[in-house]
Amino acid sequence: MHLPPWFWIATVPLLSWGVVGLLQKLSTNHLSAEWSVVWWCVGMFLLEPWLYSGPAMLKFPVRGLIWALLSGAFNALGAWALFAALKSGGKASVVSPFTSLYPVVVVFLAPLVLRESITALQAVGVASALMAVTLLST
Amino acid sequence: MEAVRALKANWFWYSVLCVFFWGGWIITSKLGTNTGITDRGMQFIFPFGALPIVLALLLIKRLRFEKSGKGIFYGLSNGVLSAVGGLALFAALSPGRHWNTSVITAVTSLYPLVTVILAVTVLRERLTWKQVIGLGFAVVAILIFSF
């Protein structure tokens with residue numbers, strides 16, 4: 001069986017993020033949610049040299065920079081809430097798929113903030129996500 | 001009754017909070033990239049945006065250090081692997097490759113399935129049949145949102 005090259009590269013985020021879900025639970029087995037976020041953030045900084053692609057990268061428009069920083073703040077708050085969910089007894093096998101349903105919020109906010117319209121398929125996605133949340137929570 | 005029990009559980013509400021925060025993360029990321037910043041640039045800047053939150057959380061903990069080698073190792077690995085996944089995704093989606101963005105996004109967004117498999121095999125977590133069906137609905141929703 002011949003698998004295309006894109007598949008192998010796509011496997012890296014699939015596996016690394018999948019393993020992260022497990023490590024998040026293991027991390028909260030030993031640390032508080034707050035300290036789990038601290039070390040997660042330190043770990044992200046370790047990879048910064050590989051993400052830096054030259055001085056041109058630092059000439060971002062100010063507005064874009066503010067959005068990017070806000071995006072980081074929201075991501076960290078989400079990470080803290082996820083660690084807190086795991087720390088307070090949530091199973092990794094339930095919390096991981098549950099919290100990956102955040103595009104539901106995007107579907108509702110996109111028409112207001114980004115002036116994008118909701119498609120019929122996205123509406124089906126929202127219904128499916130709500131079913132998933134209900135069943136995963138039982 | 002089970003649904004009522006879930007509503008009383010802290011993990012449920014923290015998970016809901018996470019969904020809302022990460023919804024905000026995607027919206028602000030999109031607003032950022034609309035100004036011309038590349039995905040890679042966003043990924044580079046966003047740990048700096050996380051710093052004030054980290055600082056606030058440290059203050060909540062009154063800067064009391066939690067000494068756990070294992071905990072620190074797992075925590076650091078979380079950050080490193082999150083960034084590694086991000087780097088690989090940018091490599092896969094780089095314009096020069098002309099690979100199908102929708103398919104790659106769909107494949108990578110299925111990472112919770114890997115977590116579930118690992119949680120069941122490594123952590124010995126058990127899922128009820130309802131939760132397995134719920135997982136199926138989650139996969140359908142994730143796939144729909146990724147296109």
# chains A, B, ... in the order shown; residues from 1 in each chain; ligands from 1

call {"tool": "interface_residues", "arguments": {"of": "chain B", "to": "chain A", "cutoff": "6 Å", "atoms": "only C-alpha atoms", "output": "PyMOL selection string"}}
result
chain B and resi 2-3+6+11+14-15+18-19+21-23+25+28-29+32+35+42+44+46-47+49-50+54+57+71+74-76+78-83+85+108+111-112+114-116+119+130-131+134+137-138+141+144

call {"tool": "select_by_dssp", "arguments": {"residues": "chain A", "states": "helix (DSSP H, G or I)", "output": "mmCIF file with N, CA and C atoms, in the first residue's frame"}}
result
data_model
loop_
_atom_site.group_PDB
_atom_site.id
_atom_site.type_symbol
_atom_site.label_atom_id
_atom_site.label_comp_id
_atom_site.auth_asym_id
_atom_site.auth_seq_id
_atom_site.Cartn_x
_atom_site.Cartn_y
_atom_site.Cartn_z
ATOM 1 N N PRO A 5 2.847 11.382 0.554
ATOM 2 C CA PRO A 5 3.742 12.044 1.515
ATOM 3 C C PRO A 5 3.005 12.934 2.518
ATOM 4 N N TRP A 6 1.905 13.597 2.070
ATOM 5 C CA TRP A 6 1.193 14.485 2.996
ATOM 6 C C TRP A 6 0.676 13.712 4.206
ATOM 7 N N PHE A 7 0.333 12.434 3.972
ATOM 8 C CA PHE A 7 -0.237 11.634 5.064
ATOM 9 C C PHE A 7 0.763 11.509 6.211
ATOM 10 N N TRP A 8 2.040 11.294 5.837
ATOM 11 C CA TRP A 8 3.060 11.083 6.877
ATOM 12 C C TRP A 8 3.296 12.346 7.698
ATOM 13 N N ILE A 9 3.289 13.499 7.019
ATOM 14 C CA ILE A 9 3.490 14.752 7.773
ATOM 15 C C ILE A 9 2.255 15.042 8.636
ATOM 16 N N ALA A 10 1.055 14.755 8.094
ATOM 17 C CA ALA A 10 -0.181 14.996 8.856
ATOM 18 C C ALA A 10 -0.263 14.078 10.076
ATOM 19 N N THR A 11 0.435 12.934 9.987
ATOM 20 C CA THR A 11 0.431 12.001 11.118
ATOM 21 C C THR A 11 1.139 12.598 12.349
ATOM 22 N N VAL A 12 2.089 13.509 12.100
ATOM 23 C CA VAL A 12 2.852 14.096 13.220
ATOM 24 C C VAL A 12 1.930 14.882 14.170
ATOM 25 N N PRO A 13 1.156 15.888 13.657
ATOM 26 C CA PRO A 13 0.233 16.561 14.595
ATOM 27 C C PRO A 13 -0.823 15.621 15.163
ATOM 28 N N LEU A 14 -1.307 14.694 14.320
ATOM 29 C CA LEU A 14 -2.333 13.756 14.794
ATOM 30 C C LEU A 14 -1.827 12.996 16.022
ATOM 31 N N LEU A 15 -0.615 12.459 15.920
ATOM 32 C CA LEU A 15 -0.062 11.661 17.022
ATOM 33 C C LEU A 15 0.421 12.538 18.177
ATOM 34 N N SER A 16 1.136 13.628 17.865
ATOM 35 C CA SER A 16 1.695 14.440 18.952
ATOM 36 C C SER A 16 0.570 15.073 19.767
ATOM 37 N N TRP A 17 -0.467 15.613 19.113
ATOM 38 C CA TRP A 17 -1.572 16.201 19.869
ATOM 39 C C TRP A 17 -2.374 15.122 20.607
ATOM 40 N N GLY A 18 -2.446 13.936 19.992
ATOM 41 C CA GLY A 18 -3.138 12.825 20.662
ATOM 42 C C GLY A 18 -2.416 12.432 21.938
ATOM 43 N N VAL A 19 -1.074 12.361 21.853
ATOM 44 C CA VAL A 19 -0.265 12.019 23.034
ATOM 45 C C VAL A 19 -0.379 13.133 24.079
ATOM 46 N N VAL A 20 -0.453 14.396 23.612
ATOM 47 C CA VAL A 20 -0.597 15.528 24.538
ATOM 48 C C VAL A 20 -1.828 15.327 25.437
ATOM 49 N N GLY A 21 -2.916 14.816 24.854
ATOM 50 C CA GLY A 21 -4.137 14.569 25.637
ATOM 51 C C GLY A 21 -3.873 13.637 26.813
ATOM 52 N N LEU A 22 -3.013 12.640 26.567
ATOM 53 C CA LEU A 22 -2.658 11.687 27.626
ATOM 54 C C LEU A 22 -1.736 12.359 28.654
ATOM 55 N N LEU A 23 -0.741 13.092 28.149
ATOM 56 C CA LEU A 23 0.227 13.746 29.037
ATOM 57 C C LEU A 23 -0.438 14.813 29.916
ATOM 58 N N GLN A 24 -1.498 15.434 29.388
ATOM 59 C CA GLN A 24 -2.209 16.444 30.188
ATOM 60 C C GLN A 24 -2.785 15.805 31.444
ATOM 61 N N LYS A 25 -3.368 14.611 31.262
ATOM 62 C CA LYS A 25 -3.937 13.904 32.421
ATOM 63 C C LYS A 25 -2.809 13.509 33.380
ATOM 64 N N LEU A 26 -1.709 12.974 32.824
ATOM 65 C CA LEU A 26 -0.581 12.552 33.662
ATOM 66 C C LEU A 26 0.010 13.750 34.405
ATOM 67 N N SER A 27 0.050 14.895 33.739
ATOM 68 C CA SER A 27 0.584 16.109 34.361
ATOM 69 C C SER A 27 -0.264 16.511 35.572
ATOM 70 N N THR A 28 -1.597 16.467 35.409
ATOM 71 C CA THR A 28 -2.462 16.867 36.535
ATOM 72 C C THR A 28 -2.508 15.796 37.631
ATOM 73 N N ASN A 29 -1.972 14.599 37.333
ATOM 74 C CA ASN A 29 -1.847 13.588 38.404
ATOM 75 C C ASN A 29 -0.752 13.994 39.394
ATOM 76 N N HIS A 30 0.160 14.877 38.948
ATOM 77 C CA HIS A 30 1.302 15.254 39.790
ATOM 78 C C HIS A 30 1.331 16.731 40.149
ATOM 79 N N ALA A 33 -3.557 22.366 38.261
ATOM 80 C CA ALA A 33 -3.878 22.837 36.908
ATOM 81 C C ALA A 33 -3.007 24.048 36.568
ATOM 82 N N GLU A 34 -2.786 24.921 37.568
ATOM 83 C CA GLU A 34 -2.034 26.162 37.328
ATOM 84 C C GLU A 34 -0.578 25.868 36.940
ATOM 85 N N TRP A 35 0.075 24.986 37.707
ATOM 86 C CA TRP A 35 1.468 24.659 37.396
ATOM 87 C C TRP A 35 1.577 23.846 36.108
ATOM 88 N N SER A 36 0.536 23.070 35.785
ATOM 89 C CA SER A 36 0.540 22.337 34.502
ATOM 90 C C SER A 36 0.582 23.341 33.348
ATOM 91 N N VAL A 37 -0.156 24.451 33.479
ATOM 92 C CA VAL A 37 -0.149 25.480 32.423
ATOM 93 C C VAL A 37 1.230 26.127 32.337
ATOM 94 N N VAL A 38 1.838 26.382 33.503
ATOM 95 C CA VAL A 38 3.172 27.020 33.530
ATOM 96 C C VAL A 38 4.167 26.195 32.722
ATOM 97 N N TRP A 39 4.248 24.897 32.985
ATOM 98 C CA TRP A 39 5.236 24.048 32.296
ATOM 99 C C TRP A 39 4.889 23.826 30.839
ATOM 100 N N TRP A 40 3.586 23.785 30.549
ATOM 101 C CA TRP A 40 3.127 23.710 29.145
ATOM 102 C C TRP A 40 3.653 24.916 28.373
ATOM 103 N N CYS A 41 3.536 26.110 29.004
ATOM 104 C CA CYS A 41 3.979 27.347 28.347
ATOM 105 C C CYS A 41 5.506 27.342 28.174
ATOM 106 N N VAL A 42 6.229 26.886 29.200
ATOM 107 C CA VAL A 42 7.698 26.806 29.104
ATOM 108 C C VAL A 42 8.068 25.869 27.941
ATOM 109 N N GLY A 43 7.387 24.751 27.844
ATOM 110 C CA GLY A 43 7.636 23.788 26.771
ATOM 111 C C GLY A 43 7.431 24.414 25.393
ATOM 112 N N MET A 44 6.393 25.259 25.279
ATOM 113 C CA MET A 44 6.137 25.934 23.997
ATOM 114 C C MET A 44 7.292 26.859 23.642
ATOM 115 N N PHE A 45 7.829 27.559 24.651
ATOM 116 C CA PHE A 45 8.924 28.494 24.399
ATOM 117 C C PHE A 45 10.184 27.764 23.921
ATOM 118 N N LEU A 46 10.355 26.514 24.337
ATOM 119 C CA LEU A 46 11.538 25.760 23.915
ATOM 120 C C LEU A 46 11.586 25.592 22.390
ATOM 121 N N GLU A 48 10.402 27.836 20.218
ATOM 122 C CA GLU A 48 10.341 29.136 19.543
ATOM 123 C C GLU A 48 11.441 29.329 18.486
ATOM 124 N N PRO A 49 12.696 28.889 18.767
ATOM 125 C CA PRO A 49 13.737 29.095 17.746
ATOM 126 C C PRO A 49 13.382 28.458 16.403
ATOM 127 N N TRP A 50 12.649 27.379 16.417
ATOM 128 C CA TRP A 50 12.268 26.705 15.165
ATOM 129 C C TRP A 50 11.114 27.418 14.465
ATOM 130 N N LEU A 51 10.345 28.166 15.242
ATOM 131 C CA LEU A 51 9.216 28.888 14.649
ATOM 132 C C LEU A 51 9.643 30.235 14.083
ATOM 133 N N PRO A 55 13.904 38.203 10.546
ATOM 134 C CA PRO A 55 13.479 39.506 11.076
ATOM 135 C C PRO A 55 12.182 40.020 10.451
ATOM 136 N N ALA A 56 11.896 39.610 9.211
ATOM 137 C CA ALA A 56 10.662 40.067 8.554
ATOM 138 C C ALA A 56 9.437 39.689 9.373
ATOM 139 N N MET A 57 9.606 38.632 10.132
ATOM 140 C CA MET A 57 8.513 38.111 10.958
ATOM 141 C C MET A 57 8.114 39.112 12.053
ATOM 142 N N LEU A 58 9.074 39.969 12.422
ATOM 143 C CA LEU A 58 8.811 40.890 13.539
ATOM 144 C C LEU A 58 8.178 42.204 13.074
ATOM 145 N N VAL A 62 0.486 46.343 13.958
ATOM 146 C CA VAL A 62 0.204 46.392 15.400
ATOM 147 C C VAL A 62 -1.115 45.696 15.733
ATOM 148 N N ARG A 63 -2.119 45.942 14.889
ATOM 149 C CA ARG A 63 -3.422 45.333 15.163
ATOM 150 C C ARG A 63 -3.314 43.803 15.144
ATOM 151 N N GLY A 64 -2.564 43.295 14.178
ATOM 152 C CA GLY A 64 -2.372 41.843 14.076
ATOM 153 C C GLY A 64 -1.648 41.294 15.289
ATOM 154 N N LEU A 65 -0.674 42.085 15.752
ATOM 155 C CA LEU A 65 0.101 41.679 16.924
ATOM 156 C C LEU A 65 -0.806 41.561 18.157
ATOM 157 N N ILE A 66 -1.700 42.531 18.289
ATOM 158 C CA ILE A 66 -2.625 42.510 19.439
ATOM 159 C C ILE A 66 -3.521 41.275 19.378
ATOM 160 N N TRP A 67 -4.032 40.984 18.169
ATOM 161 C CA TRP A 67 -4.890 39.795 18.023
ATOM 162 C C TRP A 67 -4.109 38.518 18.328
ATOM 163 N N ALA A 68 -2.867 38.479 17.863
ATOM 164 C CA ALA A 68 -2.036 37.280 18.087
ATOM 165 C C ALA A 68 -1.775 37.075 19.578
ATOM 166 N N LEU A 69 -1.497 38.187 20.286
ATOM 167 C CA LEU A 69 -1.255 38.078 21.729
ATOM 168 C C LEU A 69 -2.528 37.655 22.459
ATOM 169 N N LEU A 70 -3.661 38.231 22.019
ATOM 170 C CA LEU A 70 -4.946 37.848 22.624
ATOM 171 C C LEU A 70 -5.232 36.373 22.373
ATOM 172 N N SER A 71 -4.875 35.920 21.175
ATOM 173 C CA SER A 71 -5.080 34.507 20.823
ATOM 174 C C SER A 71 -4.297 33.608 21.784
ATOM 175 N N GLY A 72 -3.068 34.044 22.108
ATOM 176 C CA GLY A 72 -2.253 33.295 23.074
ATOM 177 C C GLY A 72 -2.882 33.276 24.460
ATOM 178 N N ALA A 73 -3.443 34.430 24.846
ATOM 179 C CA ALA A 73 -4.078 34.523 26.171
ATOM 180 C C ALA A 73 -5.292 33.591 26.245
ATOM 181 N N PHE A 74 -6.101 33.597 25.180
ATOM 182 C CA PHE A 74 -7.283 32.722 25.164
ATOM 183 C C PHE A 74 -6.865 31.250 25.173
ATOM 184 N N ASN A 75 -5.806 30.951 24.422
ATOM 185 C CA ASN A 75 -5.336 29.568 24.368
ATOM 186 C C ASN A 75 -4.879 29.098 25.749
ATOM 187 N N ALA A 76 -4.162 29.987 26.461
ATOM 188 C CA ALA A 76 -3.669 29.626 27.800
ATOM 189 C C ALA A 76 -4.831 29.464 28.779
ATOM 190 N N LEU A 77 -5.836 30.344 28.662
ATOM 191 C CA LEU A 77 -7.004 30.222 29.548
ATOM 192 C C LEU A 77 -7.726 28.898 29.283
ATOM 193 N N GLY A 78 -7.841 28.548 27.985
ATOM 194 C CA GLY A 78 -8.468 27.270 27.618
ATOM 195 C C GLY A 78 -7.673 26.101 28.177
ATOM 196 N N ALA A 79 -6.334 26.212 28.074
ATOM 197 C CA ALA A 79 -5.468 25.141 28.590
ATOM 198 C C ALA A 79 -5.660 24.993 30.098
ATOM 199 N N TRP A 80 -5.750 26.147 30.794
ATOM 200 C CA TRP A 80 -5.951 26.089 32.248
ATOM 201 C C TRP A 80 -7.291 25.392 32.571
ATOM 202 N N ALA A 81 -8.368 25.769 31.844
ATOM 203 C CA ALA A 81 -9.687 25.170 32.098
ATOM 204 C C ALA A 81 -9.643 23.662 31.831
ATOM 205 N N LEU A 82 -8.914 23.268 30.769
ATOM 206 C CA LEU A 82 -8.791 21.842 30.440
ATOM 207 C C LEU A 82 -8.045 21.088 31.549
ATOM 208 N N PHE A 83 -6.935 21.676 32.020
ATOM 209 C CA PHE A 83 -6.184 21.041 33.110
ATOM 210 C C PHE A 83 -7.053 20.950 34.366
ATOM 211 N N ALA A 84 -7.842 22.017 34.616
ATOM 212 C CA ALA A 84 -8.707 22.024 35.804
ATOM 213 C C ALA A 84 -9.781 20.933 35.679
ATOM 214 N N ALA A 85 -10.295 20.720 34.449
ATOM 215 C CA ALA A 85 -11.300 19.669 34.225
ATOM 216 C C ALA A 85 -10.696 18.303 34.531
ATOM 217 N N LEU A 86 -9.446 18.087 34.088
ATOM 218 C CA LEU A 86 -8.778 16.797 34.322
ATOM 219 C C LEU A 86 -8.442 16.632 35.797
ATOM 220 N N LYS A 87 -8.015 17.746 36.426
ATOM 221 C CA LYS A 87 -7.629 17.704 37.842
ATOM 222 C C LYS A 87 -8.845 17.402 38.720
ATOM 223 N N ALA A 92 -9.482 11.600 30.688
ATOM 224 C CA ALA A 92 -8.839 12.089 29.457
ATOM 225 C C ALA A 92 -9.655 11.647 28.237
ATOM 226 N N SER A 93 -10.213 10.433 28.305
ATOM 227 C CA SER A 93 -10.957 9.881 27.167
ATOM 228 C C SER A 93 -12.281 10.606 26.927
ATOM 229 N N VAL A 94 -12.747 11.390 27.901
ATOM 230 C CA VAL A 94 -13.995 12.139 27.741
ATOM 231 C C VAL A 94 -13.686 13.628 27.529
ATOM 232 N N VAL A 95 -12.780 14.178 28.363
ATOM 233 C CA VAL A 95 -12.486 15.614 28.313
ATOM 234 C C VAL A 95 -11.843 15.991 26.968
ATOM 235 N N SER A 96 -10.958 15.125 26.432
ATOM 236 C CA SER A 96 -10.275 15.454 25.177
ATOM 237 C C SER A 96 -11.262 15.626 24.011
ATOM 238 N N PRO A 97 -12.142 14.622 23.750
ATOM 239 C CA PRO A 97 -13.088 14.856 22.647
ATOM 240 C C PRO A 97 -14.083 15.979 22.948
ATOM 241 N N PHE A 98 -14.480 16.118 24.227
ATOM 242 C CA PHE A 98 -15.422 17.165 24.640
ATOM 243 C C PHE A 98 -14.860 18.543 24.282
ATOM 244 N N THR A 99 -13.622 18.809 24.746
ATOM 245 C CA THR A 99 -13.053 20.148 24.559
ATOM 246 C C THR A 99 -12.624 20.411 23.113
ATOM 247 N N PRO A 103 -15.021 24.388 17.933
ATOM 248 C CA PRO A 103 -15.498 25.082 16.724
ATOM 249 C C PRO A 103 -16.984 25.464 16.796
ATOM 250 N N VAL A 104 -17.740 24.827 17.707
ATOM 251 C CA VAL A 104 -19.161 25.198 17.858
ATOM 252 C C VAL A 104 -19.253 26.688 18.185
ATOM 253 N N VAL A 105 -18.385 27.147 19.100
ATOM 254 C CA VAL A 105 -18.393 28.553 19.507
ATOM 255 C C VAL A 105 -18.044 29.431 18.299
ATOM 256 N N VAL A 106 -17.089 28.945 17.496
ATOM 257 C CA VAL A 106 -16.668 29.708 16.310
ATOM 258 C C VAL A 106 -17.835 29.833 15.325
ATOM 259 N N VAL A 107 -18.580 28.726 15.151
ATOM 260 C CA VAL A 107 -19.710 28.747 14.208
ATOM 261 C C VAL A 107 -20.717 29.823 14.612
ATOM 262 N N PHE A 108 -20.937 29.969 15.944
ATOM 263 C CA PHE A 108 -21.907 30.957 16.416
ATOM 264 C C PHE A 108 -21.344 32.384 16.379
ATOM 265 N N LEU A 109 -20.046 32.522 16.644
ATOM 266 C CA LEU A 109 -19.451 33.862 16.700
ATOM 267 C C LEU A 109 -19.024 34.392 15.322
ATOM 268 N N ALA A 110 -18.692 33.471 14.395
ATOM 269 C CA ALA A 110 -18.172 33.893 13.090
ATOM 270 C C ALA A 110 -19.109 34.863 12.341
ATOM 271 N N PRO A 111 -20.441 34.618 12.332
ATOM 272 C CA PRO A 111 -21.300 35.581 11.616
ATOM 273 C C PRO A 111 -21.243 36.977 12.250
ATOM 274 N N LEU A 112 -21.097 37.052 13.581
ATOM 275 C CA LEU A 112 -21.096 38.342 14.273
ATOM 276 C C LEU A 112 -19.749 39.051 14.136
ATOM 277 N N VAL A 113 -18.656 38.294 14.375
ATOM 278 C CA VAL A 113 -17.331 38.912 14.428
ATOM 279 C C VAL A 113 -16.650 38.941 13.057
ATOM 280 N N ALA A 120 -25.450 25.007 5.975
ATOM 281 C CA ALA A 120 -26.325 23.943 6.468
ATOM 282 C C ALA A 120 -25.489 22.812 7.088
ATOM 283 N N LEU A 121 -24.339 22.539 6.466
ATOM 284 C CA LEU A 121 -23.465 21.468 6.958
ATOM 285 C C LEU A 121 -22.934 21.804 8.355
ATOM 286 N N GLN A 122 -22.580 23.092 8.553
ATOM 287 C CA GLN A 122 -22.087 23.506 9.874
ATOM 288 C C GLN A 122 -23.184 23.355 10.933
ATOM 289 N N ALA A 123 -24.435 23.607 10.529
ATOM 290 C CA ALA A 123 -25.555 23.445 11.454
ATOM 291 C C ALA A 123 -25.660 21.975 11.882
ATOM 292 N N VAL A 124 -25.439 21.063 10.914
ATOM 293 C CA VAL A 124 -25.437 19.627 11.227
ATOM 294 C C VAL A 124 -24.292 19.335 12.201
ATOM 295 N N GLY A 125 -23.149 19.984 11.974
ATOM 296 C CA GLY A 125 -21.995 19.819 12.862
ATOM 297 C C GLY A 125 -22.310 20.254 14.279
ATOM 298 N N VAL A 126 -23.015 21.375 14.425
ATOM 299 C CA VAL A 126 -23.387 21.877 15.758
ATOM 300 C C VAL A 126 -24.301 20.863 16.447
ATOM 301 N N ALA A 127 -25.311 20.356 15.692
ATOM 302 C CA ALA A 127 -26.245 19.382 16.269
ATOM 303 C C ALA A 127 -25.488 18.130 16.712
ATOM 304 N N SER A 128 -24.553 17.695 15.874
ATOM 305 C CA SER A 128 -23.764 16.498 16.186
ATOM 306 C C SER A 128 -22.893 16.747 17.423
ATOM 307 N N ALA A 129 -22.318 17.953 17.518
ATOM 308 C CA ALA A 129 -21.471 18.291 18.672
ATOM 309 C C ALA A 129 -22.288 18.303 19.958
ATOM 310 N N LEU A 130 -23.498 18.832 19.879
ATOM 311 C CA LEU A 130 -24.343 18.881 21.077
ATOM 312 C C LEU A 130 -24.729 17.472 21.529
ATOM 313 N N MET A 131 -24.997 16.601 20.553
ATOM 314 C CA MET A 131 -25.289 15.200 20.880
ATOM 315 C C MET A 131 -24.073 14.559 21.557
ATOM 316 N N ALA A 132 -22.908 14.859 21.000
ATOM 317 C CA ALA A 132 -21.657 14.299 21.537
ATOM 318 C C ALA A 132 -21.450 14.735 22.981
ATOM 319 N N VAL A 133 -21.652 16.024 23.253
ATOM 320 C CA VAL A 133 -21.456 16.552 24.615
ATOM 321 C C VAL A 133 -22.410 15.868 25.589
ATOM 322 N N THR A 134 -23.680 15.740 25.156
ATOM 323 C CA THR A 134 -24.680 15.112 26.025
ATOM 324 C C THR A 134 -24.293 13.672 26.346
ATOM 325 N N LEU A 135 -23.897 12.912 25.306
ATOM 326 C CA LEU A 135 -23.586 11.497 25.524
ATOM 327 C C LEU A 135 -22.257 11.304 26.256
ATOM 328 N N LEU A 136 -21.277 12.132 25.934
ATOM 329 C CA LEU A 136 -19.969 11.995 26.607
ATOM 330 C C LEU A 136 -20.074 12.335 28.095
#

call {"tool": "atom_distance", "arguments": {"atom1": "atom CA of B:Phe48", "atom2": "atom CA of B:Ser146"}}
result
26.7 Å

call {"tool": "decode", "arguments": {"residues": "stretch 102-119 of chain B", "atoms": "N, CA and C atoms", "output": "PDB file, in the first residue's frame"}}
result
ATOM      1  N   SER B 102      -8.062  20.868   3.192  1.00  0.00           N
ATOM      2  CA  SER B 102      -9.229  20.324   3.901  1.00  0.00           C
ATOM      3  C   SER B 102      -8.944  18.921   4.426  1.00  0.00           C
ATOM      4  N   VAL B 103      -8.334  18.093   3.576  1.00  0.00           N
ATOM      5  CA  VAL B 103      -8.075  16.702   3.979  1.00  0.00           C
ATOM      6  C   VAL B 103      -7.058  16.659   5.124  1.00  0.00           C
ATOM      7  N   ILE B 104      -5.997  17.479   5.008  1.00  0.00           N
ATOM      8  CA  ILE B 104      -4.964  17.488   6.049  1.00  0.00           C
ATOM      9  C   ILE B 104      -5.560  17.988   7.373  1.00  0.00           C
ATOM     10  N   THR B 105      -6.370  19.051   7.297  1.00  0.00           N
ATOM     11  CA  THR B 105      -6.999  19.580   8.512  1.00  0.00           C
ATOM     12  C   THR B 105      -7.905  18.526   9.138  1.00  0.00           C
ATOM     13  N   ALA B 106      -8.652  17.811   8.280  1.00  0.00           N
ATOM     14  CA  ALA B 106      -9.574  16.784   8.784  1.00  0.00           C
ATOM     15  C   ALA B 106      -8.805  15.661   9.492  1.00  0.00           C
ATOM     16  N   VAL B 107      -7.720  15.204   8.857  1.00  0.00           N
ATOM     17  CA  VAL B 107      -6.934  14.100   9.446  1.00  0.00           C
ATOM     18  C   VAL B 107      -6.357  14.526  10.801  1.00  0.00           C
ATOM     19  N   THR B 108      -5.737  15.731  10.830  1.00  0.00           N
ATOM     20  CA  THR B 108      -5.064  16.156  12.071  1.00  0.00           C
ATOM     21  C   THR B 108      -6.060  16.469  13.186  1.00  0.00           C
ATOM     22  N   SER B 109      -7.275  16.889  12.810  1.00  0.00           N
ATOM     23  CA  SER B 109      -8.248  17.268  13.845  1.00  0.00           C
ATOM     24  C   SER B 109      -8.816  16.043  14.577  1.00  0.00           C
ATOM     25  N   LEU B 110      -8.474  14.853  14.061  1.00  0.00           N
ATOM     26  CA  LEU B 110      -8.980  13.639  14.718  1.00  0.00           C
ATOM     27  C   LEU B 110      -8.093  13.192  15.890  1.00  0.00           C
ATOM     28  N   TYR B 111      -7.196  14.087  16.346  1.00  0.00           N
ATOM     29  CA  TYR B 111      -6.272  13.718  17.433  1.00  0.00           C
ATOM     30  C   TYR B 111      -6.973  13.230  18.717  1.00  0.00           C
ATOM     31  N   PRO B 112      -8.215  13.703  19.045  1.00  0.00           N
ATOM     32  CA  PRO B 112      -8.823  13.172  20.277  1.00  0.00           C
ATOM     33  C   PRO B 112      -9.005  11.653  20.253  1.00  0.00           C
ATOM     34  N   LEU B 113      -9.135  11.091  19.031  1.00  0.00           N
ATOM     35  CA  LEU B 113      -9.278   9.626  18.928  1.00  0.00           C
ATOM     36  C   LEU B 113      -8.017   8.934  19.435  1.00  0.00           C
ATOM     37  N   VAL B 114      -6.855   9.521  19.119  1.00  0.00           N
ATOM     38  CA  VAL B 114      -5.577   8.957  19.580  1.00  0.00           C
ATOM     39  C   VAL B 114      -5.536   9.025  21.113  1.00  0.00           C
ATOM     40  N   THR B 115      -5.990  10.178  21.659  1.00  0.00           N
ATOM     41  CA  THR B 115      -6.022  10.324  23.125  1.00  0.00           C
ATOM     42  C   THR B 115      -6.923   9.272  23.759  1.00  0.00           C
ATOM     43  N   VAL B 116      -8.090   9.056  23.148  1.00  0.00           N
ATOM     44  CA  VAL B 116      -9.031   8.072  23.703  1.00  0.00           C
ATOM     45  C   VAL B 116      -8.394   6.683  23.708  1.00  0.00           C
ATOM     46  N   ILE B 117      -7.764   6.318  22.584  1.00  0.00           N
ATOM     47  CA  ILE B 117      -7.119   5.000  22.488  1.00  0.00           C
ATOM     48  C   ILE B 117      -6.044   4.865  23.571  1.00  0.00           C
ATOM     49  N   LEU B 118      -5.237   5.934  23.751  1.00  0.00           N
ATOM     50  CA  LEU B 118      -4.158   5.896  24.755  1.00  0.00           C
ATOM     51  C   LEU B 118      -4.732   5.873  26.174  1.00  0.00           C
ATOM     52  N   ALA B 119      -5.803   6.652  26.399  1.00  0.00           N
ATOM     53  CA  ALA B 119      -6.397   6.710  27.750  1.00  0.00           C
ATOM     54  C   ALA B 119      -6.961   5.343  28.139  1.00  0.00           C
TER      55      ALA B 119
END
